[in-house]
file target.json (JSON, N, CA and C atoms)
[["chain", "number", "residue", "atom", "x", "y", "z"],
["A", 1255, "MET", "N", 97.78, 115.50, 115.14],
["A", 1255, "MET", "CA", 98.96, 115.17, 114.37],
["A", 1255, "MET", "C", 99.22, 116.33, 113.41],
["A", 1256, "THR", "N", 100.45, 116.59, 113.16],
["A", 1256, "THR", "CA", 100.79, 117.79, 112.41],
["A", 1256, "THR", "C", 101.27, 117.47, 111.00],
["A", 1257, "GLY", "N", 100.45, 117.74, 110.00],
["A", 1257, "GLY", "CA", 100.86, 117.62, 108.62],
["A", 1257, "GLY", "C", 100.96, 116.23, 108.06],
["A", 1258, "ARG", "N", 100.92, 115.25, 108.88],
["A", 1258, "ARG", "CA", 100.94, 113.87, 108.42],
["A", 1258, "ARG", "C", 100.19, 113.03, 109.44],
["A", 1259, "PRO", "N", 99.69, 111.87, 109.03],
["A", 1259, "PRO", "CA", 98.83, 111.10, 109.92],
["A", 1259, "PRO", "C", 99.55, 110.20, 110.93],
["A", 1260, "TRP", "N", 100.81, 110.43, 111.18],
["A", 1260, "TRP", "CA", 101.52, 109.62, 112.17],
["A", 1260, "TRP", "C", 102.53, 110.49, 112.91],
["A", 1261, "ARG", "N", 102.91, 110.00, 114.08],
["A", 1261, "ARG", "CA", 104.00, 110.62, 114.83],
["A", 1261, "ARG", "C", 104.64, 109.55, 115.71],
["A", 1262, "ALA", "N", 105.91, 109.73, 115.93],
["A", 1262, "ALA", "CA", 106.67, 108.76, 116.72],
["A", 1262, "ALA", "C", 106.27, 108.84, 118.19],
["A", 1263, "ALA", "N", 106.26, 107.69, 118.82],
["A", 1263, "ALA", "CA", 106.11, 107.58, 120.26],
["A", 1263, "ALA", "C", 107.36, 106.85, 120.74],
["A", 1264, "LYS", "N", 107.64, 106.88, 122.03],
["A", 1264, "LYS", "CA", 108.89, 106.28, 122.49],
["A", 1264, "LYS", "C", 108.94, 104.77, 122.25],
["A", 1265, "ASP", "N", 107.80, 104.13, 122.17],
["A", 1265, "ASP", "CA", 107.79, 102.68, 121.99],
["A", 1265, "ASP", "C", 107.07, 102.25, 120.70],
["A", 1266, "GLY", "N", 106.95, 103.17, 119.75],
["A", 1266, "GLY", "CA", 106.28, 102.81, 118.50],
["A", 1266, "GLY", "C", 105.83, 104.04, 117.73],
["A", 1267, "LEU", "N", 104.66, 103.93, 117.14],
["A", 1267, "LEU", "CA", 104.13, 104.99, 116.29],
["A", 1267, "LEU", "C", 102.66, 105.17, 116.58],
["A", 1268, "LEU", "N", 102.19, 106.42, 116.62],
["A", 1268, "LEU", "CA", 100.78, 106.73, 116.72],
["A", 1268, "LEU", "C", 100.30, 107.09, 115.32],
["A", 1269, "VAL", "N", 99.24, 106.43, 114.86],
["A", 1269, "VAL", "CA", 98.75, 106.60, 113.51],
["A", 1269, "VAL", "C", 97.27, 106.96, 113.56],
["A", 1270, "SER", "N", 96.88, 108.04, 112.88],
["A", 1270, "SER", "CA", 95.47, 108.43, 112.81],
["A", 1270, "SER", "C", 94.85, 107.82, 111.57],
["A", 1271, "VAL", "N", 93.67, 107.25, 111.76],
["A", 1271, "VAL", "CA", 92.93, 106.64, 110.64],
["A", 1271, "VAL", "C", 91.47, 107.06, 110.72],
["A", 1272, "ARG", "N", 90.85, 107.19, 109.56],
["A", 1272, "ARG", "CA", 89.40, 107.40, 109.49],
["A", 1272, "ARG", "C", 88.83, 106.12, 108.91],
["A", 1273, "VAL", "N", 87.98, 105.47, 109.66],
["A", 1273, "VAL", "CA", 87.49, 104.14, 109.31],
["A", 1273, "VAL", "C", 86.10, 104.19, 108.68],
["A", 1274, "THR", "N", 85.94, 103.45, 107.60],
["A", 1274, "THR", "CA", 84.64, 103.24, 106.98],
["A", 1274, "THR", "C", 84.29, 101.77, 107.13],
["A", 1275, "PRO", "N", 83.41, 101.44, 108.09],
["A", 1275, "PRO", "CA", 82.99, 100.05, 108.22],
["A", 1275, "PRO", "C", 82.02, 99.69, 107.09],
["A", 1276, "ARG", "N", 81.86, 98.43, 106.83],
["A", 1276, "ARG", "CA", 81.02, 97.94, 105.72],
["A", 1276, "ARG", "C", 81.45, 98.61, 104.41],
["A", 1277, "GLY", "N", 82.77, 98.72, 104.23],
["A", 1277, "GLY", "CA", 83.32, 99.39, 103.06],
["A", 1277, "GLY", "C", 83.47, 98.50, 101.85],
["A", 1278, "GLY", "N", 82.93, 97.29, 101.90],
["A", 1278, "GLY", "CA", 82.98, 96.38, 100.76],
["A", 1278, "GLY", "C", 84.21, 95.50, 100.73],
["A", 1279, "ARG", "N", 85.35, 96.05, 101.11],
["A", 1279, "ARG", "CA", 86.59, 95.28, 101.16],
["A", 1279, "ARG", "C", 87.54, 95.98, 102.13],
["A", 1280, "ASP", "N", 88.57, 95.28, 102.53],
["A", 1280, "ASP", "CA", 89.57, 95.87, 103.41],
["A", 1280, "ASP", "C", 90.58, 96.62, 102.55],
["A", 1281, "ALA", "N", 90.81, 97.90, 102.87],
["A", 1281, "ALA", "CA", 91.75, 98.71, 102.09],
["A", 1281, "ALA", "C", 92.35, 99.79, 102.97],
["A", 1282, "TRP", "N", 93.59, 100.15, 102.65],
["A", 1282, "TRP", "CA", 94.33, 101.19, 103.37],
["A", 1282, "TRP", "C", 94.77, 102.22, 102.35],
["A", 1283, "GLY", "N", 94.47, 103.49, 102.57],
["A", 1283, "GLY", "CA", 94.87, 104.53, 101.64],
["A", 1283, "GLY", "C", 95.04, 105.87, 102.32],
["A", 1284, "VAL", "N", 95.31, 106.88, 101.51],
["A", 1284, "VAL", "CA", 95.47, 108.24, 102.02],
["A", 1284, "VAL", "C", 94.09, 108.90, 102.05],
["A", 1285, "GLY", "N", 93.72, 109.45, 103.18],
["A", 1285, "GLY", "CA", 92.44, 110.12, 103.28],
["A", 1285, "GLY", "C", 92.58, 111.62, 103.24],
["A", 1286, "ALA", "N", 93.42, 112.15, 104.08],
["A", 1286, "ALA", "CA", 93.64, 113.58, 104.22],
["A", 1286, "ALA", "C", 95.01, 113.75, 104.88],
["A", 1287, "PRO", "N", 95.52, 114.96, 104.92],
["A", 1287, "PRO", "CA", 96.83, 115.14, 105.57],
["A", 1287, "PRO", "C", 96.84, 114.68, 107.03],
["A", 1288, "GLU", "N", 95.69, 114.70, 107.68],
["A", 1288, "GLU", "CA", 95.68, 114.34, 109.11],
["A", 1288, "GLU", "C", 95.30, 112.90, 109.42],
["A", 1289, "HIS", "N", 94.95, 112.10, 108.41],
["A", 1289, "HIS", "CA", 94.63, 110.69, 108.68],
["A", 1289, "HIS", "C", 94.70, 109.84, 107.42],
["A", 1290, "PHE", "N", 94.96, 108.55, 107.65],
["A", 1290, "PHE", "CA", 94.83, 107.57, 106.58],
["A", 1290, "PHE", "C", 93.35, 107.23, 106.44],
["A", 1291, "ALA", "N", 92.94, 106.76, 105.27],
["A", 1291, "ALA", "CA", 91.56, 106.30, 105.05],
["A", 1291, "ALA", "C", 91.59, 104.77, 105.07],
["A", 1292, "VAL", "N", 90.81, 104.19, 105.95],
["A", 1292, "VAL", "CA", 90.78, 102.74, 106.10],
["A", 1292, "VAL", "C", 89.36, 102.26, 105.88],
["A", 1293, "ARG", "N", 89.23, 101.28, 105.00],
["A", 1293, "ARG", "CA", 87.92, 100.65, 104.78],
["A", 1293, "ARG", "C", 88.03, 99.20, 105.24],
["A", 1294, "VAL", "N", 86.99, 98.75, 105.95],
["A", 1294, "VAL", "CA", 86.92, 97.35, 106.34],
["A", 1294, "VAL", "C", 85.56, 96.81, 105.93],
["A", 1295, "ALA", "N", 85.54, 95.55, 105.56],
["A", 1295, "ALA", "CA", 84.31, 94.94, 105.07],
["A", 1295, "ALA", "C", 83.31, 94.66, 106.20],
["A", 1296, "THR", "N", 83.79, 94.50, 107.41],
["A", 1296, "THR", "CA", 82.92, 94.13, 108.52],
["A", 1296, "THR", "C", 82.11, 95.30, 109.05],
["A", 1297, "ALA", "N", 81.01, 94.97, 109.68],
["A", 1297, "ALA", "CA", 80.14, 95.98, 110.31],
["A", 1297, "ALA", "C", 80.70, 96.32, 111.69],
["A", 1298, "PRO", "N", 80.37, 97.51, 112.20],
["A", 1298, "PRO", "CA", 80.87, 97.91, 113.52],
["A", 1298, "PRO", "C", 80.05, 97.29, 114.65],
["A", 1299, "THR", "N", 80.01, 95.99, 114.68],
["A", 1299, "THR", "CA", 79.22, 95.26, 115.67],
["A", 1299, "THR", "C", 80.14, 94.48, 116.60],
["A", 1300, "ASP", "N", 79.97, 94.67, 117.89],
["A", 1300, "ASP", "CA", 80.75, 93.94, 118.91],
["A", 1300, "ASP", "C", 82.25, 94.05, 118.70],
["A", 1301, "GLY", "N", 82.71, 95.19, 118.20],
["A", 1301, "GLY", "CA", 84.15, 95.40, 118.03],
["A", 1301, "GLY", "C", 84.78, 94.73, 116.83],
["A", 1302, "SER", "N", 83.98, 94.11, 115.98],
["A", 1302, "SER", "CA", 84.57, 93.38, 114.85],
["A", 1302, "SER", "C", 85.25, 94.32, 113.85],
["A", 1303, "ALA", "N", 84.72, 95.51, 113.65],
["A", 1303, "ALA", "CA", 85.37, 96.46, 112.74],
["A", 1303, "ALA", "C", 86.71, 96.91, 113.33],
["A", 1304, "ASN", "N", 86.77, 97.14, 114.63],
["A", 1304, "ASN", "CA", 88.03, 97.51, 115.28],
["A", 1304, "ASN", "C", 89.05, 96.38, 115.13],
["A", 1305, "ASP", "N", 88.62, 95.15, 115.29],
["A", 1305, "ASP", "CA", 89.52, 94.01, 115.10],
["A", 1305, "ASP", "C", 90.06, 93.98, 113.68],
["A", 1306, "ALA", "N", 89.19, 94.26, 112.72],
["A", 1306, "ALA", "CA", 89.61, 94.28, 111.31],
["A", 1306, "ALA", "C", 90.60, 95.41, 111.05],
["A", 1307, "VAL", "N", 90.39, 96.56, 111.68],
["A", 1307, "VAL", "CA", 91.30, 97.70, 111.53],
["A", 1307, "VAL", "C", 92.67, 97.34, 112.10],
["A", 1308, "ARG", "N", 92.70, 96.72, 113.27],
["A", 1308, "ARG", "CA", 93.97, 96.33, 113.88],
["A", 1308, "ARG", "C", 94.70, 95.31, 113.01],
["A", 1309, "ALA", "N", 93.96, 94.34, 112.46],
["A", 1309, "ALA", "CA", 94.58, 93.33, 111.60],
["A", 1309, "ALA", "C", 95.13, 93.96, 110.32],
["A", 1310, "LEU", "N", 94.39, 94.89, 109.74],
["A", 1310, "LEU", "CA", 94.82, 95.56, 108.52],
["A", 1310, "LEU", "C", 96.08, 96.41, 108.79],
["A", 1311, "ALA", "N", 96.08, 97.11, 109.90],
["A", 1311, "ALA", "CA", 97.26, 97.91, 110.26],
["A", 1311, "ALA", "C", 98.47, 97.02, 110.49],
["A", 1312, "ALA", "N", 98.28, 95.90, 111.18],
["A", 1312, "ALA", "CA", 99.38, 94.97, 111.42],
["A", 1312, "ALA", "C", 99.96, 94.47, 110.10],
["A", 1313, "ARG", "N", 99.10, 94.17, 109.16],
["A", 1313, "ARG", "CA", 99.56, 93.69, 107.85],
["A", 1313, "ARG", "C", 100.34, 94.78, 107.12],
["A", 1314, "HIS", "N", 99.83, 96.00, 107.12],
["A", 1314, "HIS", "CA", 100.50, 97.08, 106.39],
["A", 1314, "HIS", "C", 101.79, 97.56, 107.05],
["A", 1315, "PHE", "N", 101.87, 97.45, 108.36],
["A", 1315, "PHE", "CA", 103.09, 97.86, 109.05],
["A", 1315, "PHE", "C", 104.03, 96.69, 109.32],
["A", 1316, "ALA", "N", 103.65, 95.49, 108.87],
["A", 1316, "ALA", "CA", 104.48, 94.29, 109.00],
["A", 1316, "ALA", "C", 104.87, 94.01, 110.45],
["A", 1317, "VAL", "N", 103.86, 94.06, 111.32],
["A", 1317, "VAL", "CA", 104.06, 93.74, 112.73],
["A", 1317, "VAL", "C", 103.04, 92.68, 113.13],
["A", 1318, "ALA", "N", 103.24, 92.10, 114.29],
["A", 1318, "ALA", "CA", 102.28, 91.13, 114.82],
["A", 1318, "ALA", "C", 100.96, 91.84, 115.13],
["A", 1319, "ARG", "N", 99.89, 91.12, 115.02],
["A", 1319, "ARG", "CA", 98.57, 91.70, 115.27],
["A", 1319, "ARG", "C", 98.46, 92.30, 116.68],
["A", 1320, "GLY", "N", 99.10, 91.66, 117.64],
["A", 1320, "GLY", "CA", 99.07, 92.14, 119.01],
["A", 1320, "GLY", "C", 99.84, 93.43, 119.22],
["A", 1321, "ALA", "N", 100.65, 93.84, 118.23],
["A", 1321, "ALA", "CA", 101.43, 95.06, 118.35],
["A", 1321, "ALA", "C", 100.59, 96.30, 118.05],
["A", 1322, "VAL", "N", 99.37, 96.11, 117.56],
["A", 1322, "VAL", "CA", 98.50, 97.24, 117.21],
["A", 1322, "VAL", "C", 97.36, 97.34, 118.21],
["A", 1323, "THR", "N", 97.24, 98.49, 118.83],
["A", 1323, "THR", "CA", 96.13, 98.74, 119.76],
["A", 1323, "THR", "C", 95.45, 100.05, 119.38],
["A", 1324, "ILE", "N", 94.22, 100.21, 119.83],
["A", 1324, "ILE", "CA", 93.52, 101.47, 119.61],
["A", 1324, "ILE", "C", 93.84, 102.37, 120.80],
["A", 1325, "HIS", "N", 94.55, 103.44, 120.53],
["A", 1325, "HIS", "CA", 94.98, 104.38, 121.55],
["A", 1325, "HIS", "C", 93.84, 105.30, 121.96],
["A", 1326, "SER", "N", 93.04, 105.74, 120.96],
["A", 1326, "SER", "CA", 91.86, 106.56, 121.24],
["A", 1326, "SER", "C", 90.87, 106.42, 120.09],
["A", 1327, "GLY", "N", 89.61, 106.69, 120.38],
["A", 1327, "GLY", "CA", 88.57, 106.64, 119.35],
["A", 1327, "GLY", "C", 87.95, 105.27, 119.17],
["A", 1328, "GLU", "N", 87.90, 104.48, 120.20],
["A", 1328, "GLU", "CA", 87.37, 103.11, 120.13],
["A", 1328, "GLU", "C", 86.01, 103.05, 119.43],
["A", 1329, "THR", "N", 85.13, 104.01, 119.71],
["A", 1329, "THR", "CA", 83.79, 103.98, 119.10],
["A", 1329, "THR", "C", 83.59, 105.07, 118.06],
["A", 1330, "ALA", "N", 84.65, 105.78, 117.70],
["A", 1330, "ALA", "CA", 84.55, 106.86, 116.71],
["A", 1330, "ALA", "C", 85.07, 106.40, 115.35],
["A", 1331, "ARG", "N", 84.73, 107.15, 114.32],
["A", 1331, "ARG", "CA", 85.27, 106.84, 112.99],
["A", 1331, "ARG", "C", 86.75, 107.18, 112.90],
["A", 1332, "VAL", "N", 87.14, 108.30, 113.50],
["A", 1332, "VAL", "CA", 88.55, 108.67, 113.50],
["A", 1332, "VAL", "C", 89.18, 108.08, 114.75],
["A", 1333, "LYS", "N", 90.19, 107.25, 114.53],
["A", 1333, "LYS", "CA", 90.86, 106.55, 115.62],
["A", 1333, "LYS", "C", 92.34, 106.86, 115.58],
["A", 1334, "ARG", "N", 92.97, 106.72, 116.72],
["A", 1334, "ARG", "CA", 94.42, 106.80, 116.78],
["A", 1334, "ARG", "C", 94.91, 105.42, 117.21],
["A", 1335, "LEU", "N", 95.71, 104.83, 116.35],
["A", 1335, "LEU", "CA", 96.26, 103.51, 116.62],
["A", 1335, "LEU", "C", 97.67, 103.65, 117.17],
["A", 1336, "HIS", "N", 98.04, 102.75, 118.05],
["A", 1336, "HIS", "CA", 99.42, 102.66, 118.50],
["A", 1336, "HIS", "C", 99.99, 101.38, 117.91],
["A", 1337, "VAL", "N", 101.08, 101.55, 117.15],
["A", 1337, "VAL", "CA", 101.77, 100.41, 116.56],
["A", 1337, "VAL", "C", 103.09, 100.28, 117.31],
["A", 1338, "ALA", "N", 103.26, 99.19, 118.04],
["A", 1338, "ALA", "CA", 104.46, 98.98, 118.84],
["A", 1338, "ALA", "C", 105.61, 98.50, 117.96],
["A", 1339, "GLY", "N", 106.79, 99.01, 118.25],
["A", 1339, "GLY", "CA", 107.98, 98.61, 117.52],
["A", 1339, "GLY", "C", 108.98, 99.75, 117.44],
["A", 1340, "ASP", "N", 109.94, 99.63, 116.54],
["A", 1340, "ASP", "CA", 110.96, 100.65, 116.35],
["A", 1340, "ASP", "C", 110.33, 101.88, 115.68],
["A", 1341, "PRO", "N", 110.28, 103.02, 116.38],
["A", 1341, "PRO", "CA", 109.61, 104.20, 115.83],
["A", 1341, "PRO", "C", 110.15, 104.65, 114.48],
["A", 1342, "GLN", "N", 111.45, 104.62, 114.30],
["A", 1342, "GLN", "CA", 112.03, 105.08, 113.04],
["A", 1342, "GLN", "C", 111.63, 104.17, 111.88],
["A", 1343, "MET", "N", 111.72, 102.86, 112.09],
["A", 1343, "MET", "CA", 111.35, 101.91, 111.04],
["A", 1343, "MET", "C", 109.86, 102.03, 110.70],
["A", 1344, "LEU", "N", 109.02, 102.16, 111.73],
["A", 1344, "LEU", "CA", 107.58, 102.28, 111.51],
["A", 1344, "LEU", "C", 107.24, 103.59, 110.80],
["A", 1345, "ALA", "N", 107.94, 104.68, 111.14],
["A", 1345, "ALA", "CA", 107.71, 105.96, 110.49],
["A", 1345, "ALA", "C", 108.09, 105.88, 109.01],
["A", 1346, "GLU", "N", 109.17, 105.18, 108.71],
["A", 1346, "GLU", "CA", 109.57, 104.98, 107.31],
["A", 1346, "GLU", "C", 108.50, 104.19, 106.56],
["A", 1347, "ARG", "N", 107.95, 103.18, 107.22],
["A", 1347, "ARG", "CA", 106.89, 102.37, 106.60],
["A", 1347, "ARG", "C", 105.65, 103.24, 106.39],
["A", 1348, "ALA", "N", 105.29, 104.07, 107.37],
["A", 1348, "ALA", "CA", 104.13, 104.96, 107.23],
["A", 1348, "ALA", "C", 104.32, 105.91, 106.06],
["A", 1349, "ALA", "N", 105.51, 106.47, 105.93],
["A", 1349, "ALA", "CA", 105.80, 107.39, 104.82],
["A", 1349, "ALA", "C", 105.67, 106.67, 103.49],
["A", 1350, "ALA", "N", 106.15, 105.44, 103.41],
["A", 1350, "ALA", "CA", 106.03, 104.67, 102.18],
["A", 1350, "ALA", "C", 104.57, 104.37, 101.85],
["A", 1351, "LEU", "N", 103.78, 104.05, 102.87],
["A", 1351, "LEU", "CA", 102.35, 103.79, 102.67],
["A", 1351, "LEU", "C", 101.65, 105.06, 102.20],
["A", 1352, "TYR", "N", 102.03, 106.18, 102.77],
["A", 1352, "TYR", "CA", 101.40, 107.46, 102.44],
["A", 1352, "TYR", "C", 101.71, 107.86, 100.99],
["A", 1353, "GLU", "N", 102.94, 107.64, 100.57],
["A", 1353, "GLU", "CA", 103.35, 108.00, 99.22],
["A", 1353, "GLU", "C", 102.80, 107.03, 98.18],
["A", 1354, "ALA", "N", 102.66, 105.74, 98.55],
["A", 1354, "ALA", "CA", 102.24, 104.72, 97.59],
["A", 1354, "ALA", "C", 100.74, 104.64, 97.43],
["A", 1355, "ALA", "N", 100.01, 105.20, 98.37],
["A", 1355, "ALA", "CA", 98.55, 105.09, 98.32],
["A", 1355, "ALA", "C", 98.00, 105.88, 97.13],
["A", 1356, "PRO", "N", 96.97, 105.31, 96.48],
["A", 1356, "PRO", "CA", 96.37, 106.01, 95.33],
["A", 1356, "PRO", "C", 95.63, 107.27, 95.73]]
call {"tool": "encode", "arguments": {"input": "target.json", "output": "structure tokens"}}
result
Amino acid sequence: MTGRPWRAAKDGLLVSVRVTPRGGRDAWGVGAPEHFAVRVATAPTDGSANDAVRALAARHFAVARGAVTIHSGETARVKRLHVAGDPQMLAERAAALYEAAP
């Protein structure tokens, strides 16, 4: 991703995240220019941390939980999520999240 942690896809948005499992609480923030920083309270056992990441992304992008899939990085800390929906609206939401994050 170039200069920001998201890019439009024809059917949604691809979003890069760096995940910290067992992070104490679920939180979404800015990590670096190339990814968002995501913390989830769950451990990376049996895919539960990935489920928590998808649920957190769905909440922050205001989409149904099923609209978020892991595009790449299923077992890695840095993942690329695919958020299905209107690319322009989702990109605007990503920009707002990026600017509002502490």
call {"tool": "residues_around", "arguments": {"input": "target.json", "residues": "Asp1280 of chain A", "least_positions_apart": "5", "cutoff": "6.5 Å", "atoms": "all atoms listed in the file", "output": "PyMOL selection string"}}
result
chain A and resi 1293-1295
call {"tool": "atom_distance", "arguments": {"input": "target.json", "atom1": "atom N of Ala1348 of chain A", "atom2": "atom N of His1325 of chain A"}}
result
17.0 Å
call {"tool": "select_by_dssp", "arguments": {"input": "target.json", "residues": "segment 1256-1353 of chain A", "states": "strand (DSSP E)", "output": "PyMOL selection string"}}
result
chain A and resi 1260-1263+1266-1274+1281-1286+1289-1293+1322-1326+1332-1338
call {"tool": "residues_near_point", "arguments": {"input": "target.json", "point": "(97.6, 114.9, 105.3)", "cutoff": "5 Å", "atoms": "all atoms listed in the file", "output": "JSON list (two decimals) with N, CA and C atoms, keeping the file's coordinate frame"}}
result
[["chain", "number", "residue", "atom", "x", "y", "z"],
["A", 1257, "GLY", "N", 100.45, 117.74, 110.00],
["A", 1257, "GLY", "CA", 100.86, 117.62, 108.62],
["A", 1257, "GLY", "C", 100.96, 116.23, 108.06],
["A", 1258, "ARG", "N", 100.92, 115.25, 108.88],
["A", 1258, "ARG", "CA", 100.94, 113.87, 108.42],
["A", 1258, "ARG", "C", 100.19, 113.03, 109.44],
["A", 1286, "ALA", "N", 93.42, 112.15, 104.08],
["A", 1286, "ALA", "CA", 93.64, 113.58, 104.22],
["A", 1286, "ALA", "C", 95.01, 113.75, 104.88],
["A", 1287, "PRO", "N", 95.52, 114.96, 104.92],
["A", 1287, "PRO", "CA", 96.83, 115.14, 105.57],
["A", 1287, "PRO", "C", 96.84, 114.68, 107.03],
["A", 1288, "GLU", "N", 95.69, 114.70, 107.68],
["A", 1288, "GLU", "CA", 95.68, 114.34, 109.11],
["A", 1288, "GLU", "C", 95.30, 112.90, 109.42],
["A", 1289, "HIS", "N", 94.95, 112.10, 108.41],
["A", 1289, "HIS", "CA", 94.63, 110.69, 108.68],
["A", 1289, "HIS", "C", 94.70, 109.84, 107.42]]
call {"tool": "residues_around", "arguments": {"input": "target.json", "residues": "Val1271 of chain A", "least_positions_apart": "3", "cutoff": "6.5 Å", "atoms": "all atoms listed in the file", "output": "NGL selection string"}}
result
:A and (1288-1292 or 1331-1335)
call {"tool": "closest_residue", "arguments": {"input": "target.json", "among": "A:Val1322, A:Val1317, A:Ala1330, A:Met1343", "to": "Val1273 of chain A", "atoms": "only N, CA and C atoms"}}
result
A:Ala1330
call {"tool": "residues_around", "arguments": {"input": "target.json", "residues": "segment 1296-1299 of chain A", "least_positions_apart": "5", "cutoff": "6.5 Å", "atoms": "only N, CA and C atoms", "output": "list in words"}}
result
Pro1275, Arg1276, Gly1277, Gly1278 and Asn1304 of chain A
call {"tool": "atom_distance", "arguments": {"input": "target.json", "atom1": "atom C of Ala1349 of chain A", "atom2": "atom C of Val1269 of chain A"}}
result
13.1 Å
